[in-house]
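Written out below as structure tokens is the structure these notes cover.
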Amino acid sequence: STERIQEELLKMLALPDSDQCLRDLQSLGLTAMFAPEFDAMLGVEQGRFHHLDVWDHTLLVVRNAGHHDAILSLSALFHDIGKPPTRSVDSAGNTRFFSHESVGAEITRKVMTRLHFANRTIDSVVLLVKNHMRLGSSPKFTDAAARRVLRDLGEDTDRLLALVDADTRGLKPGVQVMDLPAIRERIDAVRAQTPRVVFDSPLSGEEIMTELGLDPGPEVGRAKEWLTEKVLDGELASDDKEAARALLRHFSR
């Protein structure tokens with residue numbers, strides 16, 4: 001049954017040699033029976049930052065992630081599942097996987113739904129797969145970036161850091177793509193200063209309607225999101241309603 005397959009897969013991921021279990025599943029033709037999307041990763045070359053194909057890299061990341069957290073292990077298993085359908089080679093010969101994290105998130109939801117995982121587990125794994133490239137997307141990781149990660153990842157923030165660490169340790173030896181310890185330190189500092197619950201507009205939708213004389217509609221949502229961005233950028237305290245009202249005078253409708 002599908003439920004039994006899911007159960008056995010989770011048991012394998014909980015073992016210290018989970019990567020070898022997965023290799024055995026693939027070599028015996030069993031992954032093709034319940035998740036052929038994994039087989040599609042076999043033999044897919046990745047370019048200059050990697051020394052392994054997508055499948056072998058995935059197995060290394062699974063090993064790097066450890067075996068004590070099922071959601072982290074599943075995220076490691078699925079994190080690059082979007083690479084085969086997004087692979088391209090540019091005119092200079094560089095291998096690219098544009099939007100593989102977004103495509104991978106969609107495939108992850110499809111496969112995990114097929115295997116009857118709980119919705120909460122699916123949502124966490126999909127969130128981690130979709131965001132696993134996020135920390136290295138800008139040259140400098142700012143406090144504002146940390147606030148956005150904490151807002152969007154919530155209780156899965158530490159899992160994201162662990163997944164990115166496992167992934168970067170699976171690159172070609174000597175490749176340095178980001179200063180992960182510095183990113184972790186900044187996230188921890190921002191988290192200590194500002195609990196996640198305050199990463200929101202100081203004014204409710206009703207308060208914004210009163211202030212701007214608006215009727216219910218999308219413009220109210222845009223104004224609230226604009227104020228939320230000010231909070232995330234550190235330009236507005238989440239409990240400062242007066243400052244928020246003053247800022248609304250500059251809101252472009």
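Every chain in the structure tokens has a letter given in the order shown (A, B, ...), and although residue numbers restart at 1 in each chain, ligands are simply numbered from 1 in the order shown.
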Step one, run DSSP on the backbone; step two, keep only residues of segment 123-225 of chain A assigned to helix (DSSP H, G or I); then write them as a short mmCIF file (atom, residue, chain, number, x, y, z; two decimals) with N, CA, C and O atoms, in the first residue's frame.
data_model
loop_
_atom_site.label_atom_id
_atom_site.label_comp_id
_atom_site.auth_asym_id
_atom_site.auth_seq_id
_atom_site.Cartn_x
_atom_site.Cartn_y
_atom_site.Cartn_z
N ASP A 123 3.62 20.58 3.62
CA ASP A 123 3.78 22.04 3.57
C ASP A 123 5.18 22.45 4.02
O ASP A 123 5.80 23.34 3.41
N SER A 124 5.70 21.82 5.07
CA SER A 124 7.04 22.18 5.56
C SER A 124 8.11 21.80 4.55
O SER A 124 9.02 22.59 4.27
N VAL A 125 8.02 20.60 3.99
CA VAL A 125 9.03 20.16 3.03
C VAL A 125 8.99 21.02 1.77
O VAL A 125 10.03 21.44 1.24
N VAL A 126 7.79 21.30 1.28
CA VAL A 126 7.65 22.16 0.09
C VAL A 126 8.24 23.54 0.36
O VAL A 126 8.93 24.11 -0.49
N LEU A 127 7.97 24.09 1.53
CA LEU A 127 8.50 25.41 1.89
C LEU A 127 10.02 25.40 1.88
O LEU A 127 10.66 26.34 1.37
N LEU A 128 10.62 24.36 2.42
CA LEU A 128 12.08 24.27 2.49
C LEU A 128 12.69 24.09 1.10
O LEU A 128 13.71 24.71 0.76
N VAL A 129 12.07 23.25 0.28
CA VAL A 129 12.57 23.06 -1.09
C VAL A 129 12.50 24.37 -1.87
O VAL A 129 13.45 24.76 -2.55
N LYS A 130 11.39 25.08 -1.73
CA LYS A 130 11.21 26.32 -2.48
C LYS A 130 12.20 27.40 -2.06
O LYS A 130 12.56 28.27 -2.86
N ASN A 131 12.66 27.35 -0.81
CA ASN A 131 13.52 28.41 -0.29
C ASN A 131 14.99 28.02 -0.15
O ASN A 131 15.77 28.81 0.38
N ARG A 134 17.57 30.51 -1.30
CA ARG A 134 17.28 31.88 -0.92
C ARG A 134 18.43 32.58 -0.21
O ARG A 134 18.69 33.77 -0.45
N LEU A 135 19.15 31.91 0.65
CA LEU A 135 20.15 32.57 1.48
C LEU A 135 21.34 33.07 0.68
O LEU A 135 22.02 34.00 1.10
N GLY A 136 21.59 32.47 -0.46
CA GLY A 136 22.73 32.90 -1.27
C GLY A 136 22.33 33.75 -2.46
O GLY A 136 23.12 33.96 -3.37
N ASP A 143 19.83 42.67 7.85
CA ASP A 143 18.81 42.46 8.87
C ASP A 143 17.43 42.32 8.25
O ASP A 143 16.61 41.52 8.69
N ALA A 144 17.16 43.13 7.22
CA ALA A 144 15.86 43.05 6.55
C ALA A 144 15.67 41.68 5.92
O ALA A 144 14.57 41.10 5.98
N ALA A 145 16.72 41.14 5.31
CA ALA A 145 16.64 39.79 4.73
C ALA A 145 16.38 38.76 5.81
O ALA A 145 15.60 37.81 5.62
N ALA A 146 17.02 38.93 6.96
CA ALA A 146 16.81 38.00 8.08
C ALA A 146 15.37 38.05 8.56
O ALA A 146 14.76 37.02 8.86
N ARG A 147 14.80 39.27 8.65
CA ARG A 147 13.41 39.39 9.08
C ARG A 147 12.47 38.68 8.12
O ARG A 147 11.49 38.03 8.53
N ARG A 148 12.74 38.80 6.83
CA ARG A 148 11.89 38.16 5.84
C ARG A 148 11.99 36.63 5.92
O ARG A 148 10.99 35.92 5.77
N VAL A 149 13.19 36.13 6.14
CA VAL A 149 13.35 34.69 6.30
C VAL A 149 12.57 34.20 7.51
O VAL A 149 11.84 33.20 7.45
N LEU A 150 12.70 34.90 8.63
CA LEU A 150 11.99 34.51 9.85
C LEU A 150 10.48 34.59 9.67
O LEU A 150 9.73 33.73 10.16
N ARG A 151 10.03 35.62 8.96
CA ARG A 151 8.59 35.74 8.72
C ARG A 151 8.09 34.59 7.84
O ARG A 151 7.05 33.98 8.13
N ASP A 152 8.82 34.28 6.77
CA ASP A 152 8.34 33.31 5.79
C ASP A 152 8.56 31.86 6.21
O ASP A 152 7.76 30.99 5.89
N LEU A 153 9.66 31.58 6.91
CA LEU A 153 9.98 30.21 7.29
C LEU A 153 9.47 29.84 8.68
O LEU A 153 9.22 28.67 8.96
N GLY A 154 9.35 30.81 9.58
CA GLY A 154 8.83 30.54 10.90
C GLY A 154 9.61 29.45 11.62
O GLY A 154 10.83 29.49 11.72
N GLU A 155 8.90 28.43 12.08
CA GLU A 155 9.53 27.36 12.85
C GLU A 155 10.45 26.49 12.01
O GLU A 155 11.20 25.67 12.56
N ASP A 156 10.41 26.65 10.69
CA ASP A 156 11.30 25.88 9.82
C ASP A 156 12.58 26.63 9.48
O ASP A 156 13.37 26.16 8.65
N THR A 157 12.83 27.77 10.10
CA THR A 157 14.02 28.56 9.80
C THR A 157 15.29 27.78 10.09
O THR A 157 16.22 27.76 9.26
N ASP A 158 15.38 27.14 11.24
CA ASP A 158 16.58 26.39 11.57
C ASP A 158 16.76 25.20 10.65
O ASP A 158 17.90 24.82 10.32
N ARG A 159 15.65 24.61 10.22
CA ARG A 159 15.76 23.52 9.24
C ARG A 159 16.32 24.05 7.91
O ARG A 159 17.10 23.36 7.24
N LEU A 160 15.91 25.25 7.52
CA LEU A 160 16.44 25.82 6.28
C LEU A 160 17.95 26.00 6.39
O LEU A 160 18.69 25.65 5.46
N LEU A 161 18.42 26.51 7.51
CA LEU A 161 19.85 26.68 7.71
C LEU A 161 20.57 25.33 7.65
O LEU A 161 21.65 25.22 7.05
N ALA A 162 19.98 24.31 8.26
CA ALA A 162 20.59 22.98 8.24
C ALA A 162 20.60 22.40 6.83
O ALA A 162 21.58 21.75 6.41
N LEU A 163 19.53 22.62 6.07
CA LEU A 163 19.46 22.13 4.69
C LEU A 163 20.49 22.81 3.82
O LEU A 163 21.20 22.15 3.03
N VAL A 164 20.61 24.13 3.94
CA VAL A 164 21.59 24.87 3.14
C VAL A 164 23.01 24.43 3.50
O VAL A 164 23.87 24.28 2.63
N ASP A 165 23.26 24.19 4.78
CA ASP A 165 24.57 23.71 5.20
C ASP A 165 24.87 22.34 4.58
O ASP A 165 25.97 22.11 4.04
N ALA A 166 23.90 21.43 4.63
CA ALA A 166 24.09 20.11 4.04
C ALA A 166 24.30 20.20 2.54
O ALA A 166 25.12 19.46 1.96
N ASP A 167 23.59 21.11 1.89
CA ASP A 167 23.69 21.28 0.44
C ASP A 167 25.06 21.85 0.05
O ASP A 167 25.72 21.36 -0.87
N THR A 168 25.51 22.88 0.75
CA THR A 168 26.79 23.50 0.40
C THR A 168 27.95 22.55 0.66
O THR A 168 28.96 22.58 -0.06
N LEU A 180 27.80 31.08 5.48
CA LEU A 180 26.64 30.60 6.22
C LEU A 180 26.72 30.90 7.72
O LEU A 180 25.71 31.28 8.32
N PRO A 181 27.89 30.78 8.37
CA PRO A 181 27.95 31.13 9.80
C PRO A 181 27.53 32.59 10.07
O PRO A 181 26.85 32.88 11.05
N ALA A 182 27.95 33.50 9.18
CA ALA A 182 27.57 34.91 9.36
C ALA A 182 26.07 35.09 9.16
O ALA A 182 25.42 35.87 9.87
N ILE A 183 25.48 34.36 8.21
CA ILE A 183 24.04 34.44 7.98
C ILE A 183 23.29 33.89 9.19
O ILE A 183 22.31 34.49 9.67
N ARG A 184 23.75 32.78 9.71
CA ARG A 184 23.12 32.19 10.89
C ARG A 184 23.19 33.15 12.09
O ARG A 184 22.22 33.33 12.83
N GLU A 185 24.35 33.79 12.25
CA GLU A 185 24.53 34.73 13.36
C GLU A 185 23.58 35.92 13.23
O GLU A 185 22.99 36.37 14.22
N ARG A 186 23.41 36.42 12.01
CA ARG A 186 22.51 37.56 11.81
C ARG A 186 21.06 37.16 12.06
O ARG A 186 20.29 37.91 12.67
N ILE A 187 20.66 36.00 11.59
CA ILE A 187 19.30 35.52 11.83
C ILE A 187 19.04 35.35 13.32
O ILE A 187 18.00 35.76 13.84
N ASP A 188 20.00 34.77 14.03
CA ASP A 188 19.83 34.58 15.48
C ASP A 188 19.72 35.92 16.20
O ASP A 188 18.92 36.07 17.13
N ALA A 189 20.52 36.89 15.77
CA ALA A 189 20.49 38.21 16.42
C ALA A 189 19.15 38.89 16.18
O ALA A 189 18.54 39.46 17.10
N VAL A 190 18.66 38.85 14.94
CA VAL A 190 17.38 39.47 14.63
C VAL A 190 16.24 38.75 15.34
O VAL A 190 15.31 39.38 15.86
N ARG A 191 16.32 37.44 15.39
CA ARG A 191 15.28 36.66 16.07
C ARG A 191 15.22 37.00 17.56
O ARG A 191 14.14 37.07 18.14
N ALA A 192 16.38 37.21 18.16
CA ALA A 192 16.42 37.56 19.58
C ALA A 192 15.84 38.94 19.83
O ALA A 192 15.22 39.20 20.87
N GLN A 193 16.02 39.85 18.87
CA GLN A 193 15.56 41.23 19.02
C GLN A 193 14.07 41.36 18.73
O GLN A 193 13.37 42.15 19.35
N ARG A 196 8.85 36.77 15.82
CA ARG A 196 8.21 36.68 14.51
C ARG A 196 6.82 37.32 14.49
O ARG A 196 6.39 37.87 13.49
N VAL A 197 6.11 37.27 15.61
CA VAL A 197 4.73 37.74 15.61
C VAL A 197 4.62 39.22 15.29
O VAL A 197 3.54 39.71 14.97
N VAL A 198 5.71 39.97 15.38
CA VAL A 198 5.61 41.41 15.14
C VAL A 198 6.04 41.79 13.73
O VAL A 198 6.14 42.97 13.42
N GLY A 205 -6.44 46.23 8.69
CA GLY A 205 -7.13 46.66 7.48
C GLY A 205 -8.19 47.71 7.79
O GLY A 205 -8.34 48.70 7.04
N GLU A 206 -8.94 47.52 8.88
CA GLU A 206 -9.98 48.48 9.25
C GLU A 206 -9.37 49.84 9.60
O GLU A 206 -9.91 50.89 9.22
N GLU A 207 -8.25 49.83 10.30
CA GLU A 207 -7.59 51.09 10.66
C GLU A 207 -7.07 51.81 9.42
O GLU A 207 -7.14 53.05 9.32
N ILE A 208 -6.58 51.05 8.46
CA ILE A 208 -6.10 51.65 7.21
C ILE A 208 -7.27 52.26 6.43
O ILE A 208 -7.16 53.36 5.88
N MET A 209 -8.39 51.56 6.39
CA MET A 209 -9.57 52.09 5.69
C MET A 209 -10.03 53.40 6.32
O MET A 209 -10.37 54.36 5.61
N THR A 210 -10.02 53.45 7.64
CA THR A 210 -10.42 54.67 8.34
C THR A 210 -9.45 55.80 8.03
O THR A 210 -9.87 56.94 7.75
N GLU A 211 -8.15 55.50 8.06
CA GLU A 211 -7.13 56.53 7.86
C GLU A 211 -7.15 57.09 6.43
O GLU A 211 -6.99 58.29 6.23
N LEU A 212 -7.37 56.21 5.46
CA LEU A 212 -7.30 56.63 4.05
C LEU A 212 -8.68 56.86 3.44
O LEU A 212 -8.78 57.27 2.28
N PRO A 218 -8.79 45.61 -2.75
CA PRO A 218 -7.36 45.29 -2.88
C PRO A 218 -6.43 46.43 -2.48
O PRO A 218 -5.29 46.19 -2.08
N GLU A 219 -6.90 47.66 -2.58
CA GLU A 219 -6.04 48.79 -2.22
C GLU A 219 -5.69 48.77 -0.73
O GLU A 219 -4.59 49.16 -0.34
N VAL A 220 -6.61 48.29 0.09
CA VAL A 220 -6.35 48.17 1.53
C VAL A 220 -5.24 47.15 1.76
O VAL A 220 -4.31 47.37 2.55
N GLY A 221 -5.31 46.04 1.04
CA GLY A 221 -4.26 45.02 1.15
C GLY A 221 -2.91 45.53 0.71
O GLY A 221 -1.88 45.22 1.33
N ARG A 222 -2.89 46.33 -0.36
CA ARG A 222 -1.62 46.89 -0.84
C ARG A 222 -1.03 47.85 0.20
O ARG A 222 0.19 47.86 0.42
N ALA A 223 -1.89 48.63 0.83
CA ALA A 223 -1.40 49.57 1.85
C ALA A 223 -0.84 48.82 3.05
O ALA A 223 0.20 49.19 3.60
N LYS A 224 -1.54 47.76 3.45
CA LYS A 224 -1.06 46.98 4.60
C LYS A 224 0.27 46.30 4.28
O LYS A 224 1.19 46.27 5.11
N GLU A 225 0.40 45.76 3.08
CA GLU A 225 1.66 45.12 2.68
C GLU A 225 2.78 46.15 2.61
O GLU A 225 3.93 45.87 2.97
#
Segment 52-138 of chain A near segment 15-32 of chain A within 12 Å: what's each residue's closest atom pair and its distance in Å to one decimal, counting only C-alpha atoms, ordered by chain then ascending residue number, as a tab-separated table?
residue	atom	partner	partner_atom	distance
A:Trp55	CA	A:Arg23	CA	9.0
A:Asp56	CA	A:Arg23	CA	8.6
A:His57	CA	A:Asp19	CA	10.3
A:Thr58	CA	A:Asp19	CA	8.6
A:Leu59	CA	A:Asp19	CA	5.0
A:Leu60	CA	A:Asp19	CA	6.9
A:Val61	CA	A:Asp19	CA	8.6
A:Val62	CA	A:Asp19	CA	6.2
A:Arg63	CA	A:Asp19	CA	5.8
A:Asn64	CA	A:Asp19	CA	9.5
A:Ala65	CA	A:Pro16	CA	10.3
A:Gly66	CA	A:Pro16	CA	7.2
A:His67	CA	A:Leu15	CA	6.0
A:His68	CA	A:Leu15	CA	8.5
A:Asp69	CA	A:Leu15	CA	10.9
A:Ala70	CA	A:Leu15	CA	10.6
A:Ser73	CA	A:Ser18	CA	9.2
A:Leu74	CA	A:Ser18	CA	11.1
A:Ala76	CA	A:Asp19	CA	10.6
A:Leu77	CA	A:Asp19	CA	9.3
A:Val111	CA	A:Thr31	CA	11.6
Could you save those same residues with C-alpha atoms as a PDB file, in the first residue's frame?
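For reference, part13.pdb as written:
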ATOM      1  CA  TRP A  55      21.183  11.994  -7.876  1.00  0.00           C
ATOM      2  CA  ASP A  56      24.575  11.365  -6.253  1.00  0.00           C
ATOM      3  CA  HIS A  57      24.647  14.945  -4.972  1.00  0.00           C
ATOM      4  CA  THR A  58      21.193  14.406  -3.465  1.00  0.00           C
ATOM      5  CA  LEU A  59      22.368  11.265  -1.671  1.00  0.00           C
ATOM      6  CA  LEU A  60      25.343  13.168  -0.255  1.00  0.00           C
ATOM      7  CA  VAL A  61      23.086  15.983   0.966  1.00  0.00           C
ATOM      8  CA  VAL A  62      20.788  13.415   2.609  1.00  0.00           C
ATOM      9  CA  ARG A  63      23.818  11.981   4.431  1.00  0.00           C
ATOM     10  CA  ASN A  64      25.029  15.473   5.388  1.00  0.00           C
ATOM     11  CA  ALA A  65      21.604  16.379   6.787  1.00  0.00           C
ATOM     12  CA  GLY A  66      21.698  13.566   9.320  1.00  0.00           C
ATOM     13  CA  HIS A  67      18.910  11.164  10.229  1.00  0.00           C
ATOM     14  CA  HIS A  68      17.238  12.602  13.325  1.00  0.00           C
ATOM     15  CA  ASP A  69      14.688  14.950  11.685  1.00  0.00           C
ATOM     16  CA  ALA A  70      12.305  13.426   9.146  1.00  0.00           C
ATOM     17  CA  SER A  73      15.745  14.427   5.618  1.00  0.00           C
ATOM     18  CA  LEU A  74      12.778  14.630   3.248  1.00  0.00           C
ATOM     19  CA  ALA A  76      17.288  16.995   1.499  1.00  0.00           C
ATOM     20  CA  LEU A  77      15.868  14.177  -0.624  1.00  0.00           C
ATOM     21  CA  VAL A 111       5.042  13.168  -5.040  1.00  0.00           C
TER      22      VAL A 111
END
### Query
Separation of atom CA of Phe141 of chain A and atom CA of Gly234 of chain A, in Å?
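Spanning atom CA of Phe141 of chain A to atom CA of Gly234 of chain A is a straight-line distance of 14.2 Å.
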### Query
Which neighbours of His116 of chain A fall inside 12 Å, counting only C-alpha atoms, when residues of the same chain fewer than 4 positions from it are skipped, and could you give them as number ranges by chain?
A: 1-7, 34, 109-112, 120-122
### Task
Using atom CA of Val44 of chain A and atom CA of Gly104 of chain A as the two end points, give the distance in Å to one decimal.
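Distance reported for this atom pair: 14.9 Å.
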List the neighbours of segment 94-98 of chain A out to 9 Å using only C-alpha atoms; skip same-chain residues closer than 6 positions along the sequence, and give me the result as a PDB file with C-alpha atoms, in the first residue's frame.
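Dumped everything to around05.pdb:
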ATOM      1  CA  GLU A  45      25.323  16.737 -14.838  1.00  0.00           C
ATOM      2  CA  GLN A  46      25.425  20.001 -12.884  1.00  0.00           C
ATOM      3  CA  GLY A  47      28.360  22.098 -14.055  1.00  0.00           C
ATOM      4  CA  ARG A  48      31.408  23.688 -12.483  1.00  0.00           C
ATOM      5  CA  GLY A  82      13.300  20.242  -9.981  1.00  0.00           C
ATOM      6  CA  LYS A  83      16.691  20.213 -11.704  1.00  0.00           C
ATOM      7  CA  PRO A  84      16.114  17.615 -14.453  1.00  0.00           C
ATOM      8  CA  PRO A  85      13.194  19.456 -16.089  1.00  0.00           C
ATOM      9  CA  THR A  86      14.880  22.876 -15.782  1.00  0.00           C
ATOM     10  CA  ARG A  87      18.407  22.055 -16.978  1.00  0.00           C
ATOM     11  CA  SER A  88      19.839  24.205 -19.755  1.00  0.00           C
TER      12      SER A  88
END
### Query
Which residue out of A:Asp80, A:Asp90, A:Asp233, A:Asp239 has the minimum interatomic distance to Glu37 of chain A when only C-alpha atoms are used?
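That would be A:Asp80, the residue with the smallest distance to Glu37 of chain A.
Distance-wise, atom CA of Asp53 of chain A and atom CA of Ala14 of chain A end up 23.7 Å apart.
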Name the residues of segment 9-245 of chain A that fall into strand (DSSP E) according to DSSP on the backbone, using the chain letters and numbers of this document, as a CSV table (one decimal) with N, CA and C atoms, in the first residue's frame.
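And here is the file that came out, out-v6.csv:
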chain,number,residue,atom,x,y,z
A,87,ARG,N,17.0,22.0,-16.6
A,87,ARG,CA,18.4,22.1,-17.0
A,87,ARG,C,18.5,22.7,-18.4
A,88,SER,N,19.5,23.6,-18.5
A,88,SER,CA,19.8,24.2,-19.8
A,88,SER,C,21.3,24.5,-19.8
A,89,VAL,N,21.9,24.7,-20.9
A,89,VAL,CA,23.3,25.1,-21.1
A,89,VAL,C,23.3,26.4,-21.9
A,95,THR,N,26.1,25.4,-17.2
A,95,THR,CA,24.9,24.6,-16.9
A,95,THR,C,24.0,25.5,-16.0
A,96,ARG,N,22.8,25.6,-16.3
A,96,ARG,CA,21.8,26.4,-15.5
A,96,ARG,C,20.6,25.6,-15.2
A,97,PHE,N,20.0,25.9,-14.0
A,97,PHE,CA,18.8,25.3,-13.6
A,97,PHE,C,17.8,26.4,-13.1
### Task
Excluding His50 of chain A and residues on its chain fewer than 4 positions from it, collect all residues at most 8 Å away from it, counting only C-alpha atoms, and give them as an MDAnalysis selection string.
chainID A and resid 46 170:172
Write the residues you've just listed into a file as an mmCIF file, in the first residue's frame, and include N, CA and C atoms for each of them.
data_model
loop_
_atom_site.group_PDB
_atom_site.id
_atom_site.type_symbol
_atom_site.label_atom_id
_atom_site.label_comp_id
_atom_site.auth_asym_id
_atom_site.auth_seq_id
_atom_site.Cartn_x
_atom_site.Cartn_y
_atom_site.Cartn_z
ATOM 1 N N GLN A 46 25.798 18.734 -13.511
ATOM 2 C CA GLN A 46 25.425 20.001 -12.884
ATOM 3 C C GLN A 46 26.376 21.171 -13.150
ATOM 4 N N GLY A 170 27.843 19.573 0.016
ATOM 5 C CA GLY A 170 27.773 18.604 -1.063
ATOM 6 C C GLY A 170 28.288 19.134 -2.389
ATOM 7 N N LEU A 171 28.798 20.378 -2.387
ATOM 8 C CA LEU A 171 29.371 20.949 -3.607
ATOM 9 C C LEU A 171 30.788 20.424 -3.837
ATOM 10 N N LYS A 172 31.340 20.795 -4.969
ATOM 11 C CA LYS A 172 32.721 20.421 -5.278
ATOM 12 C C LYS A 172 33.641 20.932 -4.168
#
### Message
Ranking A:Met133, A:His79, A:Glu229, A:Asp179 by minimum distance to Ile107 of chain A and counting only C-alpha atoms, which one comes first?
### Response
A:His79
